[in-house]
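Structure file start.txt with compact mmCIF, C-alpha atoms:
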# COMPACT_ATOMS: atom_id res chain seq x y z
CA MET A 1 27.44 17.08 -20.95
CA THR A 2 26.24 17.64 -24.49
CA SER A 3 26.75 21.01 -26.11
CA PRO A 4 23.69 23.19 -26.63
CA SER A 5 21.99 22.38 -29.87
CA VAL A 6 20.68 24.97 -32.29
CA VAL A 7 18.54 22.39 -34.07
CA PRO A 8 14.97 22.71 -32.84
CA ALA A 9 13.58 19.54 -31.32
CA PRO A 10 11.18 17.67 -33.59
CA PRO A 11 7.54 17.92 -32.57
CA GLN A 12 6.76 15.30 -29.95
CA PRO A 13 4.11 12.70 -30.75
CA PRO A 14 1.45 12.39 -28.05
CA HIS A 15 2.95 10.30 -25.31
CA ASP A 16 0.16 7.89 -24.48
CA GLU A 17 1.94 5.95 -21.76
CA LEU A 18 2.87 9.18 -19.98
CA GLU A 19 -0.77 10.31 -20.14
CA LEU A 20 -1.92 6.99 -18.70
CA LEU A 21 0.58 7.16 -15.84
CA LEU A 22 -0.51 10.73 -15.04
CA ARG A 23 -4.16 9.63 -14.97
CA LEU A 24 -3.36 6.76 -12.62
CA GLY A 25 -1.10 8.87 -10.43
CA ASP A 26 -3.30 11.97 -10.30
CA ASP A 27 -6.47 10.02 -9.41
CA ARG A 28 -4.65 8.68 -6.37
CA LEU A 29 -2.83 11.87 -5.43
CA VAL A 30 -6.02 13.94 -5.44
CA LEU A 31 -8.23 11.37 -3.71
CA GLY A 32 -5.50 10.68 -1.16
CA HIS A 33 -5.37 14.40 -0.39
CA ARG A 34 -9.15 14.57 -0.03
CA LEU A 35 -9.12 11.66 2.44
CA SER A 36 -6.28 13.23 4.41
CA GLU A 37 -8.60 16.20 5.02
CA TRP A 38 -10.59 13.86 7.31
CA CYS A 39 -7.60 13.31 9.60
CA GLY A 40 -8.74 14.37 13.08
CA HIS A 41 -12.36 14.89 11.92
CA ALA A 42 -13.76 11.41 11.25
CA PRO A 43 -16.84 10.30 13.23
CA ILE A 44 -15.02 7.62 15.26
CA LEU A 45 -11.37 6.97 16.04
CA GLU A 46 -11.17 3.71 14.06
CA GLU A 47 -12.53 5.50 11.01
CA ASP A 48 -10.11 8.38 11.41
CA ILE A 49 -7.30 5.80 11.33
CA ALA A 50 -8.87 3.92 8.41
CA LEU A 51 -9.31 6.99 6.19
CA ALA A 52 -5.76 8.15 6.96
CA ASN A 53 -4.47 4.65 6.12
CA VAL A 54 -6.29 4.59 2.78
CA ALA A 55 -4.98 8.10 2.09
CA LEU A 56 -1.44 6.89 2.79
CA ASP A 57 -1.83 3.90 0.46
CA LEU A 58 -3.19 6.13 -2.31
CA LEU A 59 -0.35 8.60 -1.82
CA GLY A 60 2.12 5.72 -2.00
CA GLN A 61 0.54 4.45 -5.21
CA ALA A 62 0.57 7.99 -6.64
CA THR A 63 4.28 8.19 -5.84
CA LEU A 64 4.97 5.00 -7.80
CA PHE A 65 2.88 5.99 -10.84
CA LEU A 66 4.15 9.59 -10.95
CA ARG A 67 7.79 8.52 -10.48
CA ARG A 68 7.35 6.19 -13.45
CA ALA A 69 5.64 9.02 -15.38
CA GLY A 70 8.71 11.17 -14.80
CA GLU A 71 11.00 8.37 -16.04
CA VAL A 72 8.86 7.81 -19.14
CA GLU A 73 8.76 11.54 -19.85
CA GLY A 74 12.55 11.73 -19.63
CA LYS A 75 12.75 15.42 -18.73
CA GLY A 76 14.18 14.98 -15.28
CA ARG A 77 10.92 15.54 -13.39
CA ASP A 78 10.45 13.31 -10.37
CA GLU A 79 7.22 12.54 -8.51
CA ASP A 80 7.51 15.65 -6.34
CA ALA A 81 8.01 17.93 -9.35
CA LEU A 82 4.92 16.43 -10.96
CA ALA A 83 2.82 16.65 -7.78
CA TYR A 84 3.78 20.13 -6.63
CA PHE A 85 4.77 22.09 -9.72
CA ARG A 86 2.01 21.42 -12.20
CA GLU A 87 -1.06 23.63 -12.65
CA ALA A 88 -4.64 22.38 -12.45
CA VAL A 89 -4.95 22.19 -16.26
CA GLU A 90 -2.01 19.78 -16.31
CA PHE A 91 -3.69 17.34 -13.89
CA ARG A 92 -5.27 14.27 -15.44
CA ASN A 93 -7.44 12.97 -12.58
CA CYS A 94 -11.12 12.22 -13.08
CA LEU A 95 -13.66 14.73 -11.74
CA LEU A 96 -15.04 12.21 -9.22
CA VAL A 97 -11.97 12.25 -6.98
CA GLU A 98 -11.67 16.04 -6.73
CA GLN A 99 -15.21 16.56 -5.42
CA PRO A 100 -15.15 18.00 -1.88
CA ASN A 101 -15.66 15.56 1.00
CA GLY A 102 -19.20 16.62 1.94
CA ASP A 103 -20.55 14.58 4.83
CA PHE A 104 -19.24 11.14 5.80
CA ALA A 105 -21.78 9.39 3.54
CA PHE A 106 -20.62 11.46 0.57
CA THR A 107 -16.99 10.58 1.23
CA ILE A 108 -17.84 6.87 1.54
CA ALA A 109 -19.97 6.81 -1.64
CA ARG A 110 -17.22 8.62 -3.58
CA GLN A 111 -14.67 6.16 -2.19
CA PHE A 112 -16.79 3.11 -2.98
CA LEU A 113 -17.36 4.15 -6.61
CA PHE A 114 -13.63 4.79 -7.01
CA ASP A 115 -12.47 1.67 -5.13
CA VAL A 116 -14.51 -0.64 -7.38
CA TYR A 117 -13.12 1.21 -10.41
CA ALA A 118 -9.60 0.83 -9.01
CA VAL A 119 -9.99 -2.90 -8.45
CA VAL A 120 -11.29 -3.67 -11.95
CA THR A 121 -8.82 -1.40 -13.75
CA LEU A 122 -5.75 -2.44 -11.72
CA ASP A 123 -6.63 -6.10 -12.14
CA ALA A 124 -6.70 -5.65 -15.92
CA LEU A 125 -3.58 -3.46 -15.89
CA SER A 126 -1.68 -6.13 -13.98
CA ARG A 127 -1.74 -8.06 -17.26
CA SER A 128 -0.40 -5.10 -19.27
CA SER A 129 2.10 -5.76 -22.07
CA THR A 130 4.32 -3.15 -20.36
CA PRO A 131 6.07 -4.98 -17.47
CA GLU A 132 6.74 -1.84 -15.37
CA LEU A 133 3.08 -0.88 -15.52
CA ALA A 134 1.93 -4.43 -14.75
CA ALA A 135 4.18 -4.53 -11.66
CA LEU A 136 2.87 -1.23 -10.23
CA ALA A 137 -0.73 -2.28 -10.94
CA ALA A 138 -0.29 -5.67 -9.25
CA LYS A 139 1.19 -4.00 -6.19
CA SER A 140 -1.57 -1.37 -5.97
CA LEU A 141 -4.28 -3.98 -6.53
CA LYS A 142 -3.42 -5.71 -3.25
CA GLU A 143 -4.24 -2.49 -1.41
CA ALA A 144 -7.30 -1.64 -3.54
CA LYS A 145 -8.82 -4.98 -2.52
CA TYR A 146 -8.98 -4.10 1.14
CA HIS A 147 -9.97 -0.52 0.34
CA VAL A 148 -13.10 -1.75 -1.43
CA ARG A 149 -13.94 -4.04 1.50
CA HIS A 150 -13.82 -0.99 3.74
CA SER A 151 -15.97 1.32 1.62
CA GLY A 152 -18.31 -1.53 0.56
CA GLU A 153 -18.99 -2.44 4.16
CA TRP A 154 -19.77 1.20 4.99
CA MET A 155 -22.19 1.39 2.05
CA LEU A 156 -24.08 -1.49 3.69
CA LYS A 157 -23.98 0.03 7.16
CA LEU A 158 -25.16 3.43 5.98
CA GLY A 159 -27.66 2.23 3.36
CA ASP A 160 -29.21 -0.42 5.57
CA GLY A 161 -28.78 1.65 8.74
CA THR A 162 -31.01 4.41 10.05
CA ASP A 163 -33.42 6.51 7.99
CA GLU A 164 -30.97 9.38 8.29
CA SER A 165 -27.90 7.40 7.12
CA HIS A 166 -29.93 5.83 4.28
CA ARG A 167 -31.15 9.25 3.12
CA ARG A 168 -27.66 10.73 3.20
CA VAL A 169 -25.87 7.94 1.34
CA GLN A 170 -28.64 7.75 -1.29
CA ARG A 171 -28.32 11.50 -1.80
CA ALA A 172 -24.54 11.07 -2.19
CA LEU A 173 -24.97 8.28 -4.72
CA ASP A 174 -27.45 10.39 -6.72
CA GLU A 175 -25.10 13.37 -6.65
CA LEU A 176 -21.96 11.43 -7.60
CA TRP A 177 -23.43 9.17 -10.26
CA ARG A 178 -22.99 11.75 -13.03
CA PHE A 179 -19.21 11.65 -12.51
CA THR A 180 -18.95 7.91 -13.20
CA PRO A 181 -19.27 7.78 -17.03
CA GLU A 182 -16.01 9.70 -17.30
CA LEU A 183 -14.17 6.77 -15.72
CA PHE A 184 -14.85 4.61 -18.76
CA VAL A 185 -14.48 7.08 -21.65
CA ALA A 186 -12.25 5.63 -24.37
CA ASP A 187 -10.57 8.73 -25.77
CA GLY A 188 -7.64 8.58 -28.20
CA VAL A 189 -5.09 7.79 -25.50
CA ALA A 190 -7.14 5.01 -23.92
CA SER A 191 -8.14 3.49 -27.28
CA ARG A 192 -4.60 3.38 -28.66
CA LEU A 193 -3.22 1.86 -25.44
CA ALA A 194 -5.98 -0.75 -25.41
CA VAL A 195 -5.16 -1.79 -28.97
CA GLN A 196 -1.50 -2.19 -28.01
CA GLY A 197 -2.38 -4.26 -24.95
CA VAL A 198 -0.77 -1.68 -22.66
CA ALA A 199 -4.03 -0.72 -20.93
CA PRO A 200 -7.46 -2.35 -20.66
CA ASP A 201 -10.42 -1.56 -22.89
CA LEU A 202 -12.29 0.80 -20.54
CA PRO A 203 -15.81 0.48 -22.03
CA ALA A 204 -15.51 -3.31 -21.64
CA LEU A 205 -14.65 -2.90 -17.94
CA ARG A 206 -17.74 -0.83 -17.32
CA ALA A 207 -20.06 -3.84 -17.23
CA GLN A 208 -17.85 -5.52 -14.64
CA TRP A 209 -17.80 -2.33 -12.56
CA SER A 210 -21.58 -1.94 -12.81
CA THR A 211 -22.21 -5.51 -11.66
CA LEU A 212 -19.99 -5.11 -8.59
CA VAL A 213 -21.47 -1.71 -7.70
CA ARG A 214 -25.03 -2.93 -8.17
CA ASP A 215 -24.43 -5.96 -5.94
CA VAL A 216 -23.52 -3.79 -2.95
CA VAL A 217 -26.05 -1.05 -3.73
CA ASP A 218 -28.86 -3.63 -3.81
CA ARG A 219 -27.77 -5.27 -0.58
CA ALA A 220 -27.52 -1.84 1.02
CA THR A 221 -31.22 -1.29 0.15
CA LEU A 222 -30.18 1.69 -1.95
CA THR A 223 -31.38 2.60 -5.43
CA LEU A 224 -28.98 2.81 -8.34
CA PRO A 225 -29.47 6.19 -10.03
CA HIS A 226 -31.11 6.02 -13.42
CA GLU A 227 -28.92 6.15 -16.51
CA SER A 228 -30.55 9.40 -17.60
CA ALA A 229 -29.06 11.01 -14.52
CA HIS A 230 -25.77 11.08 -16.45
CA SER A 231 -24.88 14.47 -17.75
CA PRO A 232 -22.60 14.38 -20.78
CA HIS A 233 -20.98 17.61 -19.61
CA LEU A 234 -19.44 16.21 -16.45
CA ARG A 235 -16.20 14.96 -17.91
CA GLY A 236 -12.96 16.52 -19.02
CA GLY A 237 -10.66 15.75 -16.11
CA ARG A 238 -8.55 13.43 -18.27
CA ASN A 239 -7.85 16.41 -20.53
CA GLY A 240 -7.19 18.94 -17.79
CA MET A 241 -10.68 20.49 -17.69
CA HIS A 242 -11.53 20.38 -14.00
CA SER A 243 -14.16 21.67 -11.62
CA GLU A 244 -13.17 24.72 -9.60
CA HIS A 245 -12.55 22.46 -6.60
CA LEU A 246 -9.24 21.13 -7.91
CA GLY A 247 -7.57 24.55 -7.91
CA HIS A 248 -8.40 25.07 -4.24
CA LEU A 249 -7.15 21.60 -3.36
CA LEU A 250 -3.88 22.14 -5.22
CA ALA A 251 -3.35 25.53 -3.61
CA GLU A 252 -3.35 23.88 -0.21
CA MET A 253 -1.36 20.84 -1.33
CA GLN A 254 1.32 22.74 -3.21
CA ILE A 255 1.88 25.89 -1.16
CA VAL A 256 4.70 24.62 1.07
CA ALA A 257 6.66 23.07 -1.80
CA ARG A 258 6.21 26.21 -3.91
CA SER A 259 7.07 28.61 -1.10
CA HIS A 260 10.27 26.73 -0.34
CA PRO A 261 11.38 25.09 -3.59
CA GLY A 262 14.07 22.46 -3.08
CA ALA A 263 13.52 22.34 0.67
CA LYS A 264 14.38 19.07 2.38
CA TRP A 265 12.92 17.75 5.59
CA MET B 1 38.87 7.96 3.27
CA SER B 2 41.12 6.05 5.65
CA ASP B 3 44.07 3.99 4.41
CA THR B 4 42.71 0.76 5.84
CA PRO B 5 41.49 -1.49 3.07
CA ALA B 6 37.79 -2.01 2.86
CA THR B 7 36.52 -5.32 4.19
CA ARG B 8 35.52 -7.65 1.38
CA LEU B 9 32.39 -9.27 2.65
CA GLY B 10 30.89 -12.08 0.61
CA ARG B 11 27.19 -12.57 -0.05
CA ASP B 12 26.60 -14.81 2.98
CA ALA B 13 28.40 -12.41 5.30
CA ILE B 14 26.28 -9.55 4.01
CA LEU B 15 23.08 -11.55 4.50
CA ALA B 16 24.22 -12.21 8.09
CA VAL B 17 24.60 -8.46 8.64
CA LEU B 18 21.11 -7.89 7.22
CA ASP B 19 19.75 -10.39 9.77
CA THR B 20 20.61 -7.77 12.41
CA VAL B 21 18.72 -4.92 10.67
CA MET B 22 15.29 -4.77 12.32
CA ASP B 23 12.14 -3.28 10.86
CA PRO B 24 11.61 0.13 12.53
CA GLU B 25 7.88 -0.45 13.06
CA VAL B 26 7.96 -4.15 13.98
CA PRO B 27 11.34 -4.28 15.73
CA VAL B 28 11.22 -8.02 16.51
CA LEU B 29 11.54 -8.92 12.82
CA SER B 30 14.55 -8.34 10.60
CA VAL B 31 14.21 -6.88 7.12
CA ARG B 32 15.06 -10.35 5.80
CA GLU B 33 12.39 -12.09 7.87
CA LEU B 34 9.81 -9.62 6.57
CA GLY B 35 10.80 -10.44 2.99
CA ILE B 36 11.85 -6.88 2.24
CA VAL B 37 15.34 -7.99 1.15
CA ARG B 38 14.91 -9.92 -2.10
CA ASP B 39 18.52 -10.46 -3.15
CA VAL B 40 22.11 -9.49 -2.46
CA SER B 41 25.07 -9.48 -4.82
CA VAL B 42 28.70 -8.39 -4.59
CA ASP B 43 30.65 -7.47 -7.71
CA ALA B 44 34.39 -7.80 -8.39
CA ASP B 45 35.07 -4.34 -6.94
CA GLY B 46 33.37 -5.24 -3.66
CA VAL B 47 30.29 -3.14 -4.38
CA ALA B 48 27.33 -4.64 -2.54
CA THR B 49 23.90 -4.36 -4.14
CA VAL B 50 20.91 -5.04 -1.92
CA VAL B 51 17.63 -5.57 -3.77
CA VAL B 52 14.62 -4.52 -1.69
CA THR B 53 10.88 -4.37 -2.23
CA PRO B 54 8.47 -2.18 -0.23
CA THR B 55 5.77 -3.90 1.82
CA TYR B 56 3.02 -1.30 1.24
CA SER B 57 3.32 1.29 -1.51
CA GLY B 58 3.00 4.13 1.01
CA CYS B 59 5.01 2.58 3.84
CA PRO B 60 6.80 5.54 5.42
CA ALA B 61 9.43 3.23 6.93
CA ILE B 62 11.00 2.19 3.62
CA ARG B 63 13.44 5.12 3.53
CA VAL B 64 14.54 4.44 7.12
CA ILE B 65 14.96 0.78 6.24
CA GLU B 66 17.20 1.66 3.32
CA GLU B 67 19.28 3.94 5.53
CA ASP B 68 19.52 1.27 8.23
CA ILE B 69 20.68 -1.33 5.69
CA THR B 70 23.30 1.04 4.31
CA SER B 71 24.65 2.08 7.70
CA ALA B 72 24.74 -1.53 8.99
CA LEU B 73 26.82 -2.58 5.98
CA HIS B 74 29.05 0.50 6.31
CA GLY B 75 29.54 -0.48 9.94
CA ALA B 76 30.60 -3.95 8.83
CA GLY B 77 33.20 -2.43 6.53
CA VAL B 78 31.39 -2.48 3.20
CA VAL B 79 32.28 0.88 1.65
CA ASP B 80 30.08 0.92 -1.42
CA VAL B 81 26.47 -0.07 -0.86
CA ARG B 82 23.76 0.28 -3.47
CA ILE B 83 20.05 -0.19 -2.84
CA GLU B 84 17.93 -1.32 -5.76
CA THR B 85 14.13 -1.28 -5.46
CA VAL B 86 11.93 -3.77 -7.30
CA TYR B 87 8.11 -3.98 -7.38
CA SER B 88 7.59 -7.37 -8.97
CA PRO B 89 6.67 -9.83 -7.64
CA ALA B 90 4.59 -7.68 -5.31
CA TRP B 91 5.39 -8.16 -1.63
CA THR B 92 3.21 -10.65 0.23
CA SER B 93 2.96 -11.46 3.92
CA ASP B 94 3.20 -15.13 2.85
CA TRP B 95 6.98 -14.59 2.64
CA ILE B 96 7.23 -14.29 6.43
CA PRO B 97 8.58 -17.65 7.67
CA ASP B 98 7.05 -19.64 10.54
CA SER B 99 9.95 -18.79 12.86
CA ALA B 100 9.21 -15.09 12.38
CA ARG B 101 5.47 -15.63 12.88
CA ALA B 102 6.24 -17.04 16.31
CA LYS B 103 8.23 -13.89 17.13
CA LEU B 104 5.29 -11.72 16.06
CA LYS B 105 2.93 -13.64 18.33
CA ALA B 106 5.34 -13.39 21.28
CA TYR B 107 5.48 -9.63 20.62
CA GLY B 108 1.67 -9.43 20.90
CA ILE B 109 0.83 -9.22 17.19
CA ALA B 110 -1.27 -11.99 15.65
CA PRO B 111 0.59 -13.38 12.63
CA PRO B 112 -0.92 -12.88 9.16
CA SER B 113 -3.42 -15.31 7.70
CA PRO B 114 -2.52 -16.70 4.25
CA ALA B 115 -2.89 -14.17 1.45
CA ALA B 116 -4.17 -16.94 -0.84
CA ALA B 117 -7.68 -16.71 -2.27
CA THR B 118 -7.24 -12.98 -2.80
CA ASP B 119 -7.77 -13.50 -6.52
CA LEU B 120 -11.43 -13.09 -5.78
CA VAL B 121 -12.68 -9.55 -5.43
CA GLN B 122 -14.48 -9.53 -2.11
CA LEU B 123 -16.59 -6.43 -1.84
CA LEU B 124 -17.39 -7.10 1.78
CA ARG B 125 -15.40 -8.48 4.65
CA ALA B 126 -15.86 -12.12 5.52
CA PRO B 127 -16.01 -12.50 9.31
CA ARG B 128 -12.64 -13.70 10.59
CA THR B 129 -11.54 -14.69 14.07
CA PRO B 130 -7.73 -14.42 14.33
CA GLN B 131 -6.20 -16.22 17.29
CA CYS B 132 -5.58 -13.92 20.25
CA PRO B 133 -1.80 -13.67 20.75
CA TYR B 134 -2.30 -13.37 24.53
CA CYS B 135 -4.76 -16.16 25.45
CA ASP B 136 -4.88 -18.17 22.18
CA SER B 137 -8.69 -17.88 22.01
CA HIS B 138 -10.46 -17.69 18.67
CA ASP B 139 -13.42 -15.90 20.25
CA THR B 140 -12.24 -12.66 18.63
CA GLU B 141 -13.30 -10.10 16.09
CA VAL B 142 -11.53 -7.81 13.64
CA ARG B 143 -12.67 -4.33 14.61
CA SER B 144 -10.98 -2.58 11.70
CA GLU B 145 -8.68 -3.61 8.86
CA PHE B 146 -6.71 -0.44 9.53
CA GLY B 147 -4.42 0.06 12.50
CA SER B 148 -1.42 1.95 13.82
CA THR B 149 0.61 1.12 10.71
CA ALA B 150 -0.34 0.12 7.16
CA CYS B 151 0.47 -3.53 7.87
CA LYS B 152 -1.81 -4.09 10.89
CA SER B 153 -5.50 -4.53 11.72
CA ILE B 154 -7.21 -3.79 15.05
CA CYS B 155 -8.78 -6.79 16.80
CA TRP B 156 -10.58 -7.55 20.05
CA CYS B 157 -10.54 -10.71 22.13
CA ARG B 158 -13.86 -11.49 23.82
CA SER B 159 -12.24 -14.21 25.91
CA CYS B 160 -9.55 -12.18 27.72
CA GLY B 161 -10.93 -8.72 26.96
CA GLN B 162 -7.67 -7.63 25.39
CA PRO B 163 -7.44 -5.51 22.25
CA PHE B 164 -4.65 -6.69 19.95
CA GLU B 165 -3.21 -6.11 16.51
CA GLU B 166 -3.02 -8.55 13.64
CA PHE B 167 -0.45 -8.43 10.85
CA LYS B 168 -2.52 -8.14 7.66
CA GLY B 169 -2.42 -11.02 5.19
CA ILE B 170 -1.94 -9.52 1.74
Using structure tokens, write down the structure that the file contains.
Amino acid sequence: MTSPSVVPAPPQPPHDELELLLRLGDDRLVLGHRLSEWCGHAPILEEDIALANVALDLLGQATLFLRRAGEVEGKGRDEDALAYFREAVEFRNCLLVEQPNGDFAFTIARQFLFDVYAVVTLDALSRSSTPELAALAAKSLKEAKYHVRHSGEWMLKLGDGTDESHRRVQRALDELWRFTPELFVADGVASRLAVQGVAPDLPALRAQWSTLVRDVVDRATLTLPHESAHSPHLRGGRNGMHSEHLGHLLAEMQIVARSHPGAKW
Amino acid sequence: MSDTPATRLGRDAILAVLDTVMDPEVPVLSVRELGIVRDVSVDADGVATVVVTPTYSGCPAIRVIEEDITSALHGAGVVDVRIETVYSPAWTSDWIPDSARAKLKAYGIAPPSPAAATDLVQLLRAPRTPQCPYCDSHDTEVRSEFGSTACKSICWCRSCGQPFEEFKGI
């Protein structure tokens, strides 16, 4: 034990790697929770199992990234402390993943846009100059690859399916498109990490993401929303400015842990 | 603690104990056969360190596996057991040896196809026809890449009409 110090701690420089780990972990924690809301409600049994499996993978990945975030932060917070005892403004997930499930087509379109993003970013992160980060990215990438096969295949089935399924998934794509620019915003954190080789250059990954998304969207006989459909206002998740939906999600996710702090089961 | 001295098991003896620790979800395979145990070392004080890696990042069995490893070694007389978790290299089903693949098939689970060629990002599933573990037919289809556990897909055999599971190749 060290004795209490009367010297105030020096101001902390922004901790870019911690921010990055929170972004990676929170994206997966929040989307995993959203998918778990489908458990027992999916249209067919196989899909109920599939969505719960993807949710479990995302929760597992969130555990790894948030545990590492706690280690990097060095304040004794573990993955549970970070998941259950932070407020909405402290979450760093993108706005896309916190959007409510909507109908099945909406959930699939949201998942597809995220899964392609996950594959291209994790692939680049697996070559990070930070070995711990590269290891977690390489592990998560294996799972992201079969996630995108799942959501990509559903985009085809729904887009090139019935008039009703086509209409619904096109509507979902149109609605969700405005949340996608945020995924590739190079703010201070992302830019500094890219220069250091810790994280990929996000704007450069956008072209790769667009090509992969367009390939499936075209084959699904869907129409990619026009660029002007982007609203510059729909971002801020990386800085803790969220839609009202996140607070409701966290209330449900965190209530047991907060009602019984330290409980073990 | 009792007065009896702790058994000093060497590395090989510890590996032999780990051969008896079965995976809780696929109980015909040991944690070594699955490639979960990456290394074992024993230091001068007899402390055994078992290095493990999780199969899937969210596999709920990993904690049970760690407890099973610890209690098996305690049972064999190793007093101080430490579990160390590593994530690199990432676990792959390619580590499962042929002998273990035969056990999977006999248990009714089609063994995993090679994880190779996964460098490519496939946005859509390529049709695959895993061999039915019951009638050996390849007239099969993968119904879903997601099954009862993270590591298994759901398949259907048109030849014998039997649904079966396949261990995922990742």
I need the chain B residues near chain A as a PyMOL selection string; criterion: at most 6 Å, counting all atoms listed in the file. chain B and resi 57-58+87-88+90+123-125+146
Between B:Asp68, B:Glu84, B:Glu145, B:Glu33, single out the one closest to Pro97 (chain B), counting all atoms listed in the file.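 The answer is B:Glu33, which sits nearest to Pro97 (chain B).
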Put the listed atoms of region 160-170 of chain B in a box along x, y and z with 4 Å added on every side and give me the centre and edge lengths in Å to one decimal, as lines of an AutoDock Vina configuration file.
center_x = -5.7
center_y = -8.8
center_z = 14.7
size_x = 18.5
size_y = 14.7
size_z = 34.0
What is the distance between CA of Glu165 (chain B) and CA of Val64 (chain B), in Å to one decimal?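 Going from CA of Glu165 (chain B) over to CA of Val64 (chain B), I get 22.7 Å.
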Report, in Å with one decimal, the straight-line distance from CA of Gly188 (chain A) to CA of Asp16 (chain A). 8.7 Å
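The protein and nucleic acid residues lying at most 7 Å from region 103-118 of chain B are Val28, Ser93, Asp94, Gln131, Cys132, Pro133, Tyr134, Phe164, Glu165, Glu166, Phe167, Lys168, Gly169 and Ile170 of chain B, with only C-alpha atoms considered and sequence neighbours fewer than 5 positions away removed.
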By how many Å are CA of Ala172 (chain A) and CA of Met253 (chain A) apart?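 Separation between CA of Ala172 (chain A) and CA of Met253 (chain A): 25.2 Å.
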Got a sec: who's within 12 Å of region 75-81 of chain B, counting only C-alpha atoms, leaving out chain neighbours fewer than 4 positions off, as an MDAnalysis selection string? chainID B and resid 1:2 4:11 13:18 20:21 40:51 66:71
Output region 94-109 of chain A with N, CA and C atoms present, as a compact mmCIF listing (two decimals), keeping the file's coordinate frame.
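File written: rebuild-v2.txt
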# COMPACT_ATOMS: atom_id res chain seq x y z
N CYS A 94 -9.70 12.13 -12.76
CA CYS A 94 -11.12 12.22 -13.08
C CYS A 94 -11.80 13.21 -12.11
N LEU A 95 -12.95 13.72 -12.54
CA LEU A 95 -13.66 14.73 -11.74
C LEU A 95 -14.17 14.15 -10.42
N LEU A 96 -14.49 12.85 -10.43
CA LEU A 96 -15.04 12.21 -9.22
C LEU A 96 -14.16 12.46 -8.00
N VAL A 97 -12.85 12.25 -8.15
CA VAL A 97 -11.97 12.25 -6.98
C VAL A 97 -11.71 13.65 -6.42
N GLU A 98 -11.95 14.69 -7.23
CA GLU A 98 -11.67 16.04 -6.73
C GLU A 98 -12.87 16.67 -6.03
N GLN A 99 -14.03 15.99 -6.06
CA GLN A 99 -15.21 16.56 -5.42
C GLN A 99 -14.97 16.68 -3.92
N PRO A 100 -15.39 17.80 -3.31
CA PRO A 100 -15.15 18.00 -1.88
C PRO A 100 -15.80 16.89 -1.04
N ASN A 101 -15.28 16.69 0.16
CA ASN A 101 -15.66 15.56 1.00
C ASN A 101 -17.14 15.49 1.36
N GLY A 102 -17.80 16.64 1.50
CA GLY A 102 -19.20 16.62 1.94
C GLY A 102 -19.31 15.99 3.31
N ASP A 103 -20.44 15.27 3.54
CA ASP A 103 -20.55 14.58 4.83
C ASP A 103 -19.89 13.20 4.71
N PHE A 104 -19.92 12.44 5.80
CA PHE A 104 -19.24 11.14 5.80
C PHE A 104 -19.82 10.21 4.73
N ALA A 105 -21.14 10.25 4.54
CA ALA A 105 -21.78 9.39 3.54
C ALA A 105 -21.29 9.74 2.14
N PHE A 106 -21.10 11.02 1.88
CA PHE A 106 -20.62 11.46 0.57
C PHE A 106 -19.21 10.94 0.33
N THR A 107 -18.37 11.06 1.34
CA THR A 107 -16.99 10.58 1.23
C THR A 107 -16.96 9.07 0.98
N ILE A 108 -17.81 8.33 1.69
CA ILE A 108 -17.84 6.87 1.54
C ILE A 108 -18.37 6.48 0.16
N ALA A 109 -19.42 7.14 -0.31
CA ALA A 109 -19.97 6.81 -1.64
C ALA A 109 -18.94 7.12 -2.73
